[in-house]
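Asks: Structure: query.txt, compact mmCIF, C-alpha atoms and all ligand atoms.
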# COMPACT_ATOMS: atom_id res chain seq x y z
CA MET A 18 4.14 -23.01 -10.31
CA SER A 19 2.86 -22.47 -13.82
CA THR A 20 4.77 -20.16 -16.07
CA GLN A 21 1.80 -18.88 -18.02
CA THR A 22 1.83 -15.16 -18.52
CA ALA A 23 1.06 -12.59 -21.14
CA ASN A 24 3.95 -11.19 -23.03
CA ALA A 25 3.32 -7.57 -22.16
CA PRO A 26 4.88 -5.05 -24.52
CA ALA A 27 7.39 -2.47 -23.33
CA HIS A 28 5.72 0.66 -22.01
CA GLU A 29 6.84 4.24 -21.97
CA SER A 30 4.25 5.11 -19.38
CA MET A 31 4.22 3.52 -15.92
CA PHE A 32 0.45 3.86 -15.69
CA GLU A 33 0.06 2.12 -19.06
CA ALA A 34 2.25 -0.67 -17.71
CA VAL A 35 -0.07 -1.04 -14.71
CA LEU A 36 -3.07 -1.16 -17.04
CA ALA A 37 -1.40 -3.82 -19.21
CA ARG A 38 -1.03 -6.10 -16.19
CA LEU A 39 -4.57 -5.25 -15.09
CA ASP A 40 -5.81 -6.30 -18.53
CA VAL A 41 -4.02 -9.66 -18.31
CA ALA A 42 -5.54 -10.33 -14.87
CA ALA A 43 -9.00 -9.08 -15.89
CA LYS A 44 -9.04 -11.40 -18.88
CA LEU A 45 -7.92 -14.44 -16.92
CA MET A 46 -10.54 -13.93 -14.19
CA ASN A 47 -13.16 -12.85 -16.68
CA MET A 48 -13.77 -9.55 -14.94
CA SER A 49 -16.57 -7.28 -16.05
CA GLU A 50 -15.40 -4.79 -18.66
CA ASP A 51 -17.25 -2.03 -16.82
CA VAL A 52 -15.07 -2.51 -13.76
CA ALA A 53 -11.92 -2.39 -15.89
CA THR A 54 -13.23 0.81 -17.50
CA ILE A 55 -13.75 2.39 -14.07
CA LEU A 56 -10.24 1.43 -12.93
CA ARG A 57 -8.59 2.89 -16.02
CA SER A 58 -9.28 6.44 -14.82
CA PRO A 59 -8.14 7.70 -11.40
CA ILE A 60 -11.13 9.41 -9.75
CA LYS A 61 -9.27 12.58 -8.72
CA GLN A 62 -6.07 14.20 -9.91
CA VAL A 63 -4.79 17.31 -8.18
CA LYS A 64 -1.69 19.16 -9.35
CA VAL A 65 -0.48 22.20 -7.45
CA ALA A 66 2.29 24.78 -7.74
CA LEU A 67 4.00 25.35 -4.40
CA PRO A 68 6.02 28.59 -4.04
CA VAL A 69 8.61 28.23 -1.29
CA MET A 70 11.03 30.77 0.13
CA MET A 71 14.45 29.14 -0.11
CA ASP A 72 17.26 29.85 2.35
CA ASN A 73 18.96 32.11 -0.19
CA GLY A 74 15.99 34.48 -0.11
CA LYS A 75 14.66 33.45 -3.55
CA ILE A 76 11.29 31.87 -4.25
CA GLU A 77 11.26 28.49 -5.96
CA VAL A 78 8.05 26.90 -7.25
CA PHE A 79 7.64 23.14 -6.80
CA GLU A 80 5.19 20.78 -8.53
CA GLY A 81 3.00 18.79 -6.14
CA TYR A 82 0.52 16.00 -6.87
CA ARG A 83 -2.13 13.98 -5.13
CA ILE A 84 -3.94 11.40 -7.22
CA VAL A 85 -6.80 9.31 -5.87
CA HIS A 86 -7.19 6.19 -7.96
CA SER A 87 -10.14 4.47 -6.32
CA THR A 88 -12.41 4.74 -3.28
CA VAL A 89 -14.52 1.66 -4.00
CA LEU A 90 -13.34 -0.21 -0.90
CA GLY A 91 -12.97 2.80 1.42
CA PRO A 92 -11.18 6.13 1.85
CA SER A 93 -8.08 6.38 -0.29
CA LYS A 94 -4.70 5.55 1.24
CA GLY A 95 -1.15 5.99 0.07
CA GLY A 96 2.16 7.70 0.62
CA ILE A 97 3.77 10.95 -0.45
CA ARG A 98 7.03 10.78 -2.36
CA TYR A 99 9.73 13.46 -2.64
CA ALA A 100 11.93 12.79 -5.68
CA MET A 101 13.09 14.52 -8.86
CA ASP A 102 11.35 12.03 -11.15
CA VAL A 103 7.90 12.57 -9.64
CA ASN A 104 5.41 13.24 -12.43
CA GLN A 105 1.73 12.76 -13.09
CA ASP A 106 2.08 9.42 -14.85
CA GLU A 107 4.23 7.93 -12.10
CA VAL A 108 1.88 9.13 -9.35
CA MET A 109 -1.09 7.65 -11.27
CA ALA A 110 0.65 4.27 -11.43
CA LEU A 111 1.61 4.37 -7.77
CA ALA A 112 -1.95 5.37 -6.81
CA ALA A 113 -3.42 2.43 -8.74
CA TRP A 114 -0.96 0.07 -7.06
CA MET A 115 -2.17 1.37 -3.69
CA SER A 116 -5.78 0.45 -4.62
CA PHE A 117 -4.63 -3.07 -5.47
CA LYS A 118 -2.25 -3.34 -2.50
CA CYS A 119 -4.93 -2.36 0.02
CA ALA A 120 -7.37 -4.82 -1.56
CA VAL A 121 -4.80 -7.66 -1.51
CA ALA A 122 -4.06 -6.97 2.17
CA ASN A 123 -7.78 -6.84 2.91
CA LEU A 124 -7.74 -3.27 4.22
CA PRO A 125 -10.89 -1.12 4.05
CA TYR A 126 -9.23 1.40 1.75
CA GLY A 127 -9.02 2.60 -1.79
CA GLY A 128 -5.74 3.86 -3.22
CA ALA A 129 -3.98 7.19 -3.69
CA LYS A 130 -0.49 8.59 -3.98
CA GLY A 131 1.11 11.98 -3.69
CA GLY A 132 4.42 13.46 -4.60
CA ILE A 133 6.50 16.58 -4.90
CA LYS A 134 9.11 16.98 -7.59
CA CYS A 135 12.12 17.96 -5.51
CA ASP A 136 15.47 16.65 -4.34
CA PRO A 137 15.16 16.43 -0.56
CA ARG A 138 18.86 15.58 -0.21
CA THR A 139 19.86 19.02 -1.40
CA MET A 140 17.33 20.98 0.69
CA SER A 141 17.71 22.30 4.22
CA VAL A 142 15.34 21.17 6.98
CA GLY A 143 13.75 24.62 6.96
CA GLU A 144 13.14 24.50 3.20
CA LEU A 145 11.66 21.03 3.48
CA GLU A 146 9.36 22.13 6.30
CA ARG A 147 8.10 25.14 4.34
CA LEU A 148 7.56 23.00 1.23
CA THR A 149 5.74 20.30 3.20
CA ARG A 150 3.47 22.79 4.94
CA ALA A 151 2.65 24.46 1.61
CA TYR A 152 1.72 21.05 0.20
CA ALA A 153 -0.48 20.20 3.23
CA THR A 154 -2.35 23.51 2.92
CA ALA A 155 -2.82 23.02 -0.82
CA MET A 156 -4.25 19.54 -0.19
CA LYS A 157 -6.50 20.47 2.74
CA ASP A 158 -9.67 19.60 0.83
CA VAL A 159 -8.24 16.35 -0.54
CA PHE A 160 -6.95 14.84 2.72
CA GLY A 161 -9.34 13.78 5.47
CA VAL A 162 -9.49 11.09 8.13
CA ASN A 163 -12.37 9.41 6.28
CA ARG A 164 -11.48 10.74 2.84
CA ASP A 165 -7.83 10.40 1.90
CA ILE A 166 -5.07 9.40 4.31
CA PRO A 167 -1.45 10.02 3.28
CA ALA A 168 1.70 8.37 4.68
CA PRO A 169 5.45 8.32 4.00
CA ASP A 170 7.02 7.01 0.81
CA MET A 171 10.40 7.52 -0.87
CA GLY A 172 12.12 10.67 0.41
CA THR A 173 9.70 11.28 3.30
CA SER A 174 9.44 9.97 6.85
CA GLY A 175 7.70 10.59 10.17
CA ARG A 176 9.18 14.09 10.26
CA GLU A 177 7.20 15.23 7.19
CA MET A 178 4.08 13.44 8.49
CA ALA A 179 4.21 15.43 11.75
CA TRP A 180 4.47 18.72 9.78
CA ILE A 181 1.53 17.74 7.57
CA LEU A 182 -0.55 16.77 10.61
CA ASP A 183 0.23 20.07 12.32
CA GLU A 184 -0.54 22.13 9.22
CA PHE A 185 -3.73 20.20 8.49
CA ASN A 186 -4.93 20.65 12.08
CA LYS A 187 -4.18 24.39 11.96
CA VAL A 188 -6.00 24.87 8.67
CA THR A 189 -9.05 22.78 9.62
CA GLY A 190 -9.19 23.79 13.29
CA GLU A 191 -9.52 20.17 14.37
CA ASP A 192 -7.20 17.70 16.02
CA SER A 193 -7.39 14.74 13.77
CA PRO A 194 -4.34 12.42 14.15
CA GLY A 195 -5.84 9.75 11.86
CA VAL A 196 -5.65 12.08 8.84
CA ILE A 197 -2.12 10.84 8.23
CA THR A 198 -0.14 7.73 9.17
CA GLY A 199 3.51 6.90 9.58
CA LYS A 200 3.70 9.62 12.26
CA PRO A 201 6.29 9.68 15.04
CA ILE A 202 4.98 7.79 18.10
CA VAL A 203 4.49 10.84 20.36
CA VAL A 204 2.13 12.53 17.92
CA GLY A 205 -0.06 9.46 17.42
CA GLY A 206 2.12 7.04 15.46
CA SER A 207 1.95 3.30 15.91
CA LEU A 208 4.63 1.10 17.38
CA GLY A 209 5.93 -1.20 14.66
CA ARG A 210 5.08 1.16 11.78
CA ASP A 211 8.67 2.12 11.05
CA ALA A 212 9.79 -1.47 10.48
CA ALA A 213 6.48 -2.66 9.04
CA THR A 214 7.30 -2.70 5.32
CA GLY A 215 10.52 -4.61 5.99
CA ARG A 216 8.63 -6.92 8.29
CA GLY A 217 6.10 -7.64 5.56
CA VAL A 218 8.98 -8.48 3.21
CA MET A 219 10.29 -10.93 5.82
CA VAL A 220 6.90 -12.59 6.40
CA ASN A 221 6.33 -12.95 2.65
CA THR A 222 9.84 -14.34 2.15
CA LEU A 223 9.32 -16.98 4.84
CA ALA A 224 5.91 -17.91 3.43
CA ALA A 225 7.32 -18.29 -0.10
CA LEU A 226 10.36 -20.29 1.06
CA LYS A 227 8.04 -22.67 2.91
CA LYS A 228 5.97 -23.25 -0.23
CA MET A 229 9.18 -23.77 -2.20
CA GLY A 230 10.44 -26.32 0.35
CA LEU A 231 13.49 -24.22 1.27
CA ASN A 232 14.88 -23.83 4.78
CA PRO A 233 15.56 -20.15 5.64
CA LYS A 234 18.67 -21.20 7.55
CA GLU A 235 20.16 -22.59 4.34
CA VAL A 236 19.43 -19.74 1.94
CA THR A 237 21.22 -16.54 1.03
CA ALA A 238 19.70 -13.17 0.16
CA ALA A 239 20.69 -9.91 -1.53
CA VAL A 240 18.86 -6.74 -0.51
CA GLN A 241 18.99 -3.70 -2.80
CA GLY A 242 18.26 -0.49 -0.88
CA PHE A 243 19.17 0.34 2.70
CA GLY A 244 16.47 2.91 3.49
CA ASN A 245 13.35 2.33 5.52
CA VAL A 246 12.36 -0.82 3.64
CA GLY A 247 15.71 -2.45 2.80
CA SER A 248 17.45 -1.90 6.13
CA HIS A 249 14.62 -3.38 8.19
CA ALA A 250 14.12 -6.20 5.67
CA ALA A 251 17.82 -7.12 5.79
CA ARG A 252 17.83 -7.07 9.59
CA LEU A 253 14.63 -9.11 9.95
CA LEU A 254 15.67 -11.64 7.31
CA SER A 255 19.04 -12.13 8.98
CA GLU A 256 17.28 -12.57 12.34
CA GLN A 257 15.47 -15.49 10.69
CA GLY A 258 18.81 -17.14 9.90
CA ILE A 259 18.95 -16.08 6.25
CA LYS A 260 22.50 -15.22 5.21
CA ILE A 261 22.57 -11.72 3.68
CA VAL A 262 25.35 -11.83 1.08
CA ALA A 263 24.77 -8.43 -0.53
CA ILE A 264 23.43 -5.02 0.47
CA GLY A 265 23.57 -1.67 -1.24
CA ASP A 266 22.19 1.83 -1.45
CA HIS A 267 22.62 4.80 -3.81
CA THR A 268 26.14 5.36 -2.47
CA ALA A 269 27.72 1.87 -2.39
CA THR A 270 27.00 -1.85 -2.87
CA PHE A 271 28.72 -4.75 -1.09
CA TYR A 272 28.99 -8.51 -1.54
CA ASN A 273 30.27 -11.01 1.02
CA GLU A 274 29.75 -14.72 0.42
CA ASN A 275 30.24 -15.41 4.13
CA GLY A 276 27.38 -13.13 5.04
CA ILE A 277 27.26 -9.43 5.90
CA ASP A 278 26.92 -8.41 9.55
CA ILE A 279 23.67 -6.44 9.22
CA ASN A 280 23.84 -4.96 12.71
CA ALA A 281 27.29 -3.59 11.88
CA ALA A 282 25.90 -2.14 8.63
CA LEU A 283 23.00 -0.54 10.51
CA GLU A 284 25.35 0.97 13.08
CA PHE A 285 27.62 2.21 10.30
CA ALA A 286 24.75 3.85 8.40
CA ALA A 287 23.34 5.43 11.58
CA LYS A 288 26.66 7.23 12.10
CA ASN A 289 27.22 8.07 8.41
CA ASN A 290 24.30 10.15 7.28
CA ARG A 291 22.23 6.97 6.81
CA VAL A 292 24.33 5.76 3.86
CA LEU A 293 26.60 2.75 3.32
CA LYS A 294 29.51 4.49 1.59
CA GLY A 295 32.69 3.59 3.48
CA PHE A 296 31.29 0.42 5.09
CA ASN A 297 33.86 -2.38 5.13
CA GLY A 298 31.77 -5.51 5.72
CA GLY A 299 32.09 -6.80 2.15
CA THR A 300 33.67 -6.32 -1.26
CA LEU A 301 32.56 -3.23 -3.15
CA ILE A 302 30.66 -4.24 -6.33
CA ASN A 303 28.85 -2.34 -9.09
CA ALA A 304 25.40 -1.14 -8.08
CA ASN A 305 23.52 -3.23 -10.67
CA ASP A 306 25.49 -6.41 -9.92
CA ILE A 307 23.52 -6.90 -6.72
CA LEU A 308 20.54 -7.90 -8.87
CA THR A 309 22.40 -10.68 -10.64
CA CYS A 310 24.72 -11.82 -7.84
CA ASN A 311 24.84 -15.38 -6.57
CA CYS A 312 21.98 -15.60 -4.04
CA ASP A 313 18.74 -17.51 -3.47
CA VAL A 314 16.49 -14.59 -2.58
CA LEU A 315 16.61 -11.16 -4.20
CA VAL A 316 14.89 -8.24 -2.48
CA PRO A 317 14.78 -5.13 -4.68
CA ALA A 318 13.85 -2.50 -2.09
CA ALA A 319 15.08 0.70 -3.69
CA LEU A 320 13.82 2.09 -6.98
CA GLN A 321 11.29 1.20 -9.64
CA ASN A 322 12.15 -0.31 -13.04
CA VAL A 323 15.50 -1.80 -11.97
CA ILE A 324 14.80 -5.33 -13.23
CA THR A 325 14.90 -4.90 -16.99
CA ASP A 326 14.57 -7.79 -19.46
CA GLU A 327 18.35 -7.90 -19.76
CA ILE A 328 18.88 -8.05 -15.99
CA ALA A 329 16.10 -10.66 -15.70
CA GLN A 330 18.05 -12.96 -18.04
CA ASN A 331 20.98 -12.91 -15.62
CA ILE A 332 19.21 -13.17 -12.29
CA GLN A 333 20.40 -16.18 -10.29
CA ALA A 334 17.91 -15.97 -7.40
CA LYS A 335 15.06 -18.49 -7.17
CA LEU A 336 12.83 -16.06 -5.33
CA ILE A 337 12.30 -12.31 -5.75
CA VAL A 338 10.43 -10.41 -3.06
CA GLU A 339 9.62 -6.87 -4.24
CA GLY A 340 10.17 -4.45 -1.37
CA ALA A 341 10.02 -1.43 -3.69
CA ASN A 342 7.02 -0.39 -5.77
CA GLY A 343 7.39 -1.42 -9.40
CA PRO A 344 10.99 -2.71 -9.39
CA THR A 345 10.30 -5.12 -12.27
CA MET A 346 9.57 -3.83 -15.76
CA PRO A 347 6.65 -5.60 -17.46
CA GLU A 348 8.92 -6.95 -20.21
CA ALA A 349 10.97 -8.78 -17.56
CA ASP A 350 7.92 -10.67 -16.22
CA PRO A 351 7.81 -13.39 -18.92
CA ILE A 352 11.56 -13.97 -18.59
CA LEU A 353 11.32 -14.45 -14.83
CA ASN A 354 8.36 -16.78 -15.32
CA GLU A 355 10.18 -18.84 -17.94
CA LYS A 356 13.10 -19.18 -15.57
CA ASN A 357 10.66 -20.44 -12.92
CA ILE A 358 11.64 -17.69 -10.53
CA VAL A 359 8.93 -17.10 -7.95
CA VAL A 360 8.17 -13.38 -7.70
CA VAL A 361 6.26 -12.11 -4.69
CA PRO A 362 5.00 -8.89 -6.29
CA ASP A 363 5.17 -5.42 -4.75
CA ILE A 364 1.44 -5.12 -4.08
CA LEU A 365 1.75 -8.11 -1.76
CA ALA A 366 5.42 -8.04 -0.69
CA ASN A 367 5.51 -4.44 0.53
CA ALA A 368 1.95 -4.28 1.88
CA GLY A 369 3.24 -4.50 5.47
CA GLY A 370 3.69 -0.72 5.59
CA VAL A 371 0.16 0.19 4.68
CA THR A 372 -1.16 -2.64 6.87
CA VAL A 373 0.40 -1.07 9.96
CA SER A 374 -0.71 2.35 8.66
CA TYR A 375 -4.21 0.92 8.85
CA PHE A 376 -3.57 -0.18 12.45
CA GLU A 377 -2.28 3.31 13.23
CA TRP A 378 -5.48 4.83 11.81
CA VAL A 379 -7.62 2.39 13.83
CA GLN A 380 -5.69 3.26 17.02
CA ASN A 381 -6.06 7.01 16.29
CA LYS A 382 -9.81 6.60 15.82
CA ALA A 383 -10.14 4.61 19.04
CA GLY A 384 -7.69 6.82 20.95
CA TYR A 385 -6.23 3.63 22.38
CA TYR A 386 -2.75 2.36 21.58
CA TRP A 387 -1.48 -1.18 21.19
CA SER A 388 1.80 -2.80 22.22
CA GLU A 389 4.43 -3.47 19.56
CA ASN A 390 3.86 -7.16 20.00
CA GLU A 391 0.15 -6.78 19.34
CA VAL A 392 0.85 -4.74 16.19
CA ASN A 393 3.38 -7.29 14.90
CA THR A 394 1.16 -10.28 15.63
CA LYS A 395 -1.80 -8.71 13.83
CA HIS A 396 0.45 -7.66 10.95
CA ASP A 397 1.95 -11.12 10.48
CA GLU A 398 -1.48 -12.69 10.51
CA LYS A 399 -2.82 -10.31 7.85
CA MET A 400 0.26 -10.80 5.65
CA GLU A 401 0.09 -14.58 5.91
CA ILE A 402 -3.58 -14.55 4.90
CA ALA A 403 -2.85 -12.26 1.96
CA PHE A 404 0.07 -14.42 0.83
CA ALA A 405 -2.00 -17.61 1.03
CA HIS A 406 -4.82 -16.00 -0.94
CA VAL A 407 -2.48 -14.89 -3.74
CA TRP A 408 -0.63 -18.22 -3.78
CA ASP A 409 -3.94 -20.07 -4.10
CA ASN A 410 -5.09 -17.79 -6.91
CA ALA A 411 -1.81 -18.42 -8.74
CA SER A 412 -2.57 -22.12 -8.81
CA ILE A 413 -6.31 -21.72 -9.48
CA PHE A 414 -5.70 -19.40 -12.43
CA LYS A 415 -2.41 -21.08 -13.45
CA THR A 416 -0.56 -17.81 -13.49
CA SER A 417 2.31 -15.94 -11.85
CA MET A 418 2.08 -14.55 -8.33
CA ARG A 419 2.02 -11.06 -9.85
CA ILE A 420 -1.05 -11.63 -11.97
CA ALA A 421 -2.59 -13.64 -9.11
CA ALA A 422 -2.12 -10.64 -6.80
CA TYR A 423 -3.93 -8.42 -9.32
CA ILE A 424 -6.69 -11.04 -9.56
CA THR A 425 -6.98 -11.18 -5.75
CA ALA A 426 -7.36 -7.39 -5.64
CA LEU A 427 -9.69 -7.17 -8.61
CA GLN A 428 -12.00 -9.86 -7.23
CA LYS A 429 -12.62 -7.64 -4.20
CA ILE A 430 -12.85 -4.38 -6.11
CA GLU A 431 -15.24 -5.92 -8.65
CA GLN A 432 -17.47 -7.11 -5.82
CA GLY A 433 -17.34 -3.64 -4.27
CA VAL A 434 -18.32 -1.95 -7.52
CA LYS A 435 -21.21 -4.36 -8.05
CA LEU A 436 -22.51 -4.08 -4.48
CA LYS A 437 -22.31 -0.30 -4.39
CA GLY A 438 -24.16 -0.16 -7.70
CA ASN A 439 -24.08 2.11 -10.71
CA TYR A 440 -24.83 5.75 -10.94
N1 LIG A 501 4.16 4.41 0.84
C1 LIG A 501 3.88 3.11 1.36
C2 LIG A 501 3.44 2.18 0.22
O1 LIG A 501 3.76 2.38 -0.93
C3 LIG A 501 2.91 3.14 2.53
C4 LIG A 501 1.57 3.69 2.25
C5 LIG A 501 0.70 3.89 3.47
O2 LIG A 501 1.11 3.50 4.56
O3 LIG A 501 -0.39 4.46 3.31
O4 LIG A 501 2.84 1.18 0.46
Could you render the structure as structure tokens?
Replies:
Amino acid sequence: MSTQTANAPAHESMFEAVLARLDVAAKLMNMSEDVATILRSPIKQVKVALPVMMDNGKIEVFEGYRIVHSTVLGPSKGGIRYAMDVNQDEVMALAAWMSFKCAVANLPYGGAKGGIKCDPRTMSVGELERLTRAYATAMKDVFGVNRDIPAPDMGTSGREMAWILDEFNKVTGEDSPGVITGKPIVVGGSLGRDAATGRGVMVNTLAALKKMGLNPKEVTAAVQGFGNVGSHAARLLSEQGIKIVAIGDHTATFYNENGIDINAALEFAAKNNRVLKGFNGGTLINANDILTCNCDVLVPAALQNVITDEIAQNIQAKLIVEGANGPTMPEADPILNEKNIVVVPDILANAGGVTVSYFEWVQNKAGYYWSENEVNTKHDEKMEIAFAHVWDNASIFKTSMRIAAYITALQKIEQGVKLKGNY
């Protein structure tokens, strides 16, 4: 693989960092400047104040966002994040990534993202339910089954999706399960959705290893994050014979050169508040050391901006598969490229989640539900096609997989803009 890339400057703003990569891709593929101009501005930005009665009897006001980046290829799609660092700039970046991710995966969607600035770990279930319902009501004119379709992201899960569905249905007077995805199965969720992002990471890892001439049964992997993405990714990778030598979450990180028993880790986390602290299947290491540990495949599946230029210098893996959104800072890209590390970028590597969200939406519209096997087969096929497309573009345009993924997305969005015409 070629190592050509632009040396993007460091960026304070996440959205600026997205635009810098977009500019590199746009230049390489010779994209129309008009299309780039359109994509530089999200089409809708909604910020709300959400007063919530806390358990102590006091009102607290939370900041909520929903930002629609693009609807060129269809209704906007993207998750809702609950975290303390949620802010307008971050949600803009995440929304743009959703536009590109959906285009790379060939889904008939544009991109959006939502978020609430809060710390869900310190809130009671009742507080979270009241906050979530307030958010759903505030966004009733933004969401819609053919308009904007939210889903889970960091800090949210099927539980919040069910509350949003219920609130949306009450407010609109309709029963519209397809207005949100990532729902629990009994209220219209899809089999396979829970594991889908991790499954996409696995399919992309296998596809990349094959291109690199590496046998999965002879490689080791480190997986950062043990939430919805990391835990399923670790399990599915180990089921493929890949030896998982390191796992970690926000509470503890472990290394074991003989391989970590992922089923034991899953069982441990299930009984321990879904965290790894106290697990004894490996040696405790520093949280950041998982990124630079001795392994062939690195899966950052936790937070954004963890691979800095300094960390990039010390990474030993040959392959990075980005389970999280934005784990690599733009200034680390050229270093990874120089080191000939293959990076399967977030907008391809973690597209499994939104792909099965799309299947959930299709099933909701049809009112007919598929078997898990059918979901997984269709998912794997879509991911393999997306991977092949990006891989081919990397060699056609002599660039990294990251820029090739942007090119793959932009080719489709540019066509969409041109076909729909100007106004
Ligand atoms: N939040 C996930 C993502 O970043 C899933 C989005 C969706 O299913 O709409 O891709």
Asks: Of the residues A:Val323, A:Val196, A:Ala282, A:Met400, which is the one nearest to A:Asp183, using all atoms listed in the file?
Replies: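 Using all atoms listed in the file, A:Asp183 sits closest to A:Val196.
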Asks: Neighbouring residues of ligand LIG 501 (chain A) are defined here as those with any atom at most 6 Å from a ligand atom, counting all atoms listed in the file; list them as a list in words.
Replies: Lys94, Gly95, Gly96, Pro167, Ala168, Pro169, Asp170, Ala368, Gly370, Val371 and Ser374 of chain A
Asks: Please identify all polymer residues within 7 Å of A:Thr270, counting all atoms listed in the file, omitting same-chain residues fewer than 3 positions from it, and present them as a compact mmCIF listing (two decimals) with C-alpha atoms, in the coordinates of the input.
Replies:
# COMPACT_ATOMS: atom_id res chain seq x y z
CA ILE A 264 23.43 -5.02 0.47
CA GLY A 265 23.57 -1.67 -1.24
CA ASP A 266 22.19 1.83 -1.45
CA LEU A 301 32.56 -3.23 -3.15
CA ILE A 302 30.66 -4.24 -6.33
CA ASN A 303 28.85 -2.34 -9.09
CA ALA A 304 25.40 -1.14 -8.08
Asks: Could you please determine the separation between atom CA of A:Ala286 and atom CA of A:Val316 in Å, to one decimal place?
Replies: 19.0 Å
Asks: Name the closest residue to A:Lys61 among the candidates A:Leu254, A:Leu182, A:Ala129, A:Ile76; distances are taken between atoms, counting all atoms listed in the file.
Replies: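 Closest residue, counting all atoms listed in the file: A:Ala129.
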Asks: Using all atoms listed in the file and a cutoff of 12 Å, can you tell me which residues are near (-1.3, 13.8, 5.7) in the file's coordinates, and write them out as a short mmCIF file (atom, residue, chain, number, x, y, z; two decimals) with C-alpha atoms, in the frame of the given file?
Replies:
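Saved result, result_9.cif, follows:
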data_model
loop_
_atom_site.label_atom_id
_atom_site.label_comp_id
_atom_site.auth_asym_id
_atom_site.auth_seq_id
_atom_site.Cartn_x
_atom_site.Cartn_y
_atom_site.Cartn_z
CA ARG A 83 -2.13 13.98 -5.13
CA SER A 93 -8.08 6.38 -0.29
CA LYS A 94 -4.70 5.55 1.24
CA GLY A 95 -1.15 5.99 0.07
CA GLY A 96 2.16 7.70 0.62
CA ILE A 97 3.77 10.95 -0.45
CA ARG A 98 7.03 10.78 -2.36
CA ALA A 129 -3.98 7.19 -3.69
CA LYS A 130 -0.49 8.59 -3.98
CA GLY A 131 1.11 11.98 -3.69
CA GLY A 132 4.42 13.46 -4.60
CA THR A 149 5.74 20.30 3.20
CA ARG A 150 3.47 22.79 4.94
CA TYR A 152 1.72 21.05 0.20
CA ALA A 153 -0.48 20.20 3.23
CA THR A 154 -2.35 23.51 2.92
CA ALA A 155 -2.82 23.02 -0.82
CA MET A 156 -4.25 19.54 -0.19
CA LYS A 157 -6.50 20.47 2.74
CA ASP A 158 -9.67 19.60 0.83
CA VAL A 159 -8.24 16.35 -0.54
CA PHE A 160 -6.95 14.84 2.72
CA GLY A 161 -9.34 13.78 5.47
CA VAL A 162 -9.49 11.09 8.13
CA ASN A 163 -12.37 9.41 6.28
CA ARG A 164 -11.48 10.74 2.84
CA ASP A 165 -7.83 10.40 1.90
CA ILE A 166 -5.07 9.40 4.31
CA PRO A 167 -1.45 10.02 3.28
CA ALA A 168 1.70 8.37 4.68
CA PRO A 169 5.45 8.32 4.00
CA ASP A 170 7.02 7.01 0.81
CA THR A 173 9.70 11.28 3.30
CA SER A 174 9.44 9.97 6.85
CA GLY A 175 7.70 10.59 10.17
CA ARG A 176 9.18 14.09 10.26
CA GLU A 177 7.20 15.23 7.19
CA MET A 178 4.08 13.44 8.49
CA ALA A 179 4.21 15.43 11.75
CA TRP A 180 4.47 18.72 9.78
CA ILE A 181 1.53 17.74 7.57
CA LEU A 182 -0.55 16.77 10.61
CA ASP A 183 0.23 20.07 12.32
CA GLU A 184 -0.54 22.13 9.22
CA PHE A 185 -3.73 20.20 8.49
CA ASN A 186 -4.93 20.65 12.08
CA SER A 193 -7.39 14.74 13.77
CA PRO A 194 -4.34 12.42 14.15
CA GLY A 195 -5.84 9.75 11.86
CA VAL A 196 -5.65 12.08 8.84
CA ILE A 197 -2.12 10.84 8.23
CA THR A 198 -0.14 7.73 9.17
CA GLY A 199 3.51 6.90 9.58
CA LYS A 200 3.70 9.62 12.26
CA SER A 374 -0.71 2.35 8.66
CA TRP A 378 -5.48 4.83 11.81
#
Asks: When you look at stretch 218-234 of chain A with a cut-off of 9 Å (counting all atoms listed in the file), what residues show up, excluding the ones that are within fewer than 2 positions of it in the same chain? I need them as a PyMOL selection string.
Replies: chain A and resi 213-216+236-237+246+250-251+253-254+257-260+314+316+336-340+359+361+365-369+397+400-401+404-405+408
Asks: Would you mind putting back N, CA and C atoms on stretch 136-143 of chain A, then writing it out as a compact mmCIF listing (two decimals), in the frame of the given file?
Replies:
# COMPACT_ATOMS: atom_id res chain seq x y z
N ASP A 136 14.38 17.51 -4.79
CA ASP A 136 15.47 16.65 -4.34
C ASP A 136 15.71 16.92 -2.86
N PRO A 137 15.08 16.12 -2.00
CA PRO A 137 15.16 16.43 -0.56
C PRO A 137 16.58 16.40 -0.03
N ARG A 138 17.48 15.67 -0.72
CA ARG A 138 18.86 15.58 -0.21
C ARG A 138 19.62 16.90 -0.33
N THR A 139 19.13 17.76 -1.22
CA THR A 139 19.86 19.02 -1.40
C THR A 139 19.16 20.19 -0.69
N MET A 140 18.08 19.89 0.04
CA MET A 140 17.33 20.98 0.69
C MET A 140 17.60 20.99 2.19
N SER A 141 17.52 22.19 2.77
CA SER A 141 17.71 22.30 4.22
C SER A 141 16.42 21.84 4.92
N VAL A 142 16.52 21.59 6.21
CA VAL A 142 15.34 21.17 6.98
C VAL A 142 14.27 22.25 6.92
N GLY A 143 14.70 23.51 7.00
CA GLY A 143 13.75 24.62 6.96
C GLY A 143 13.03 24.67 5.62
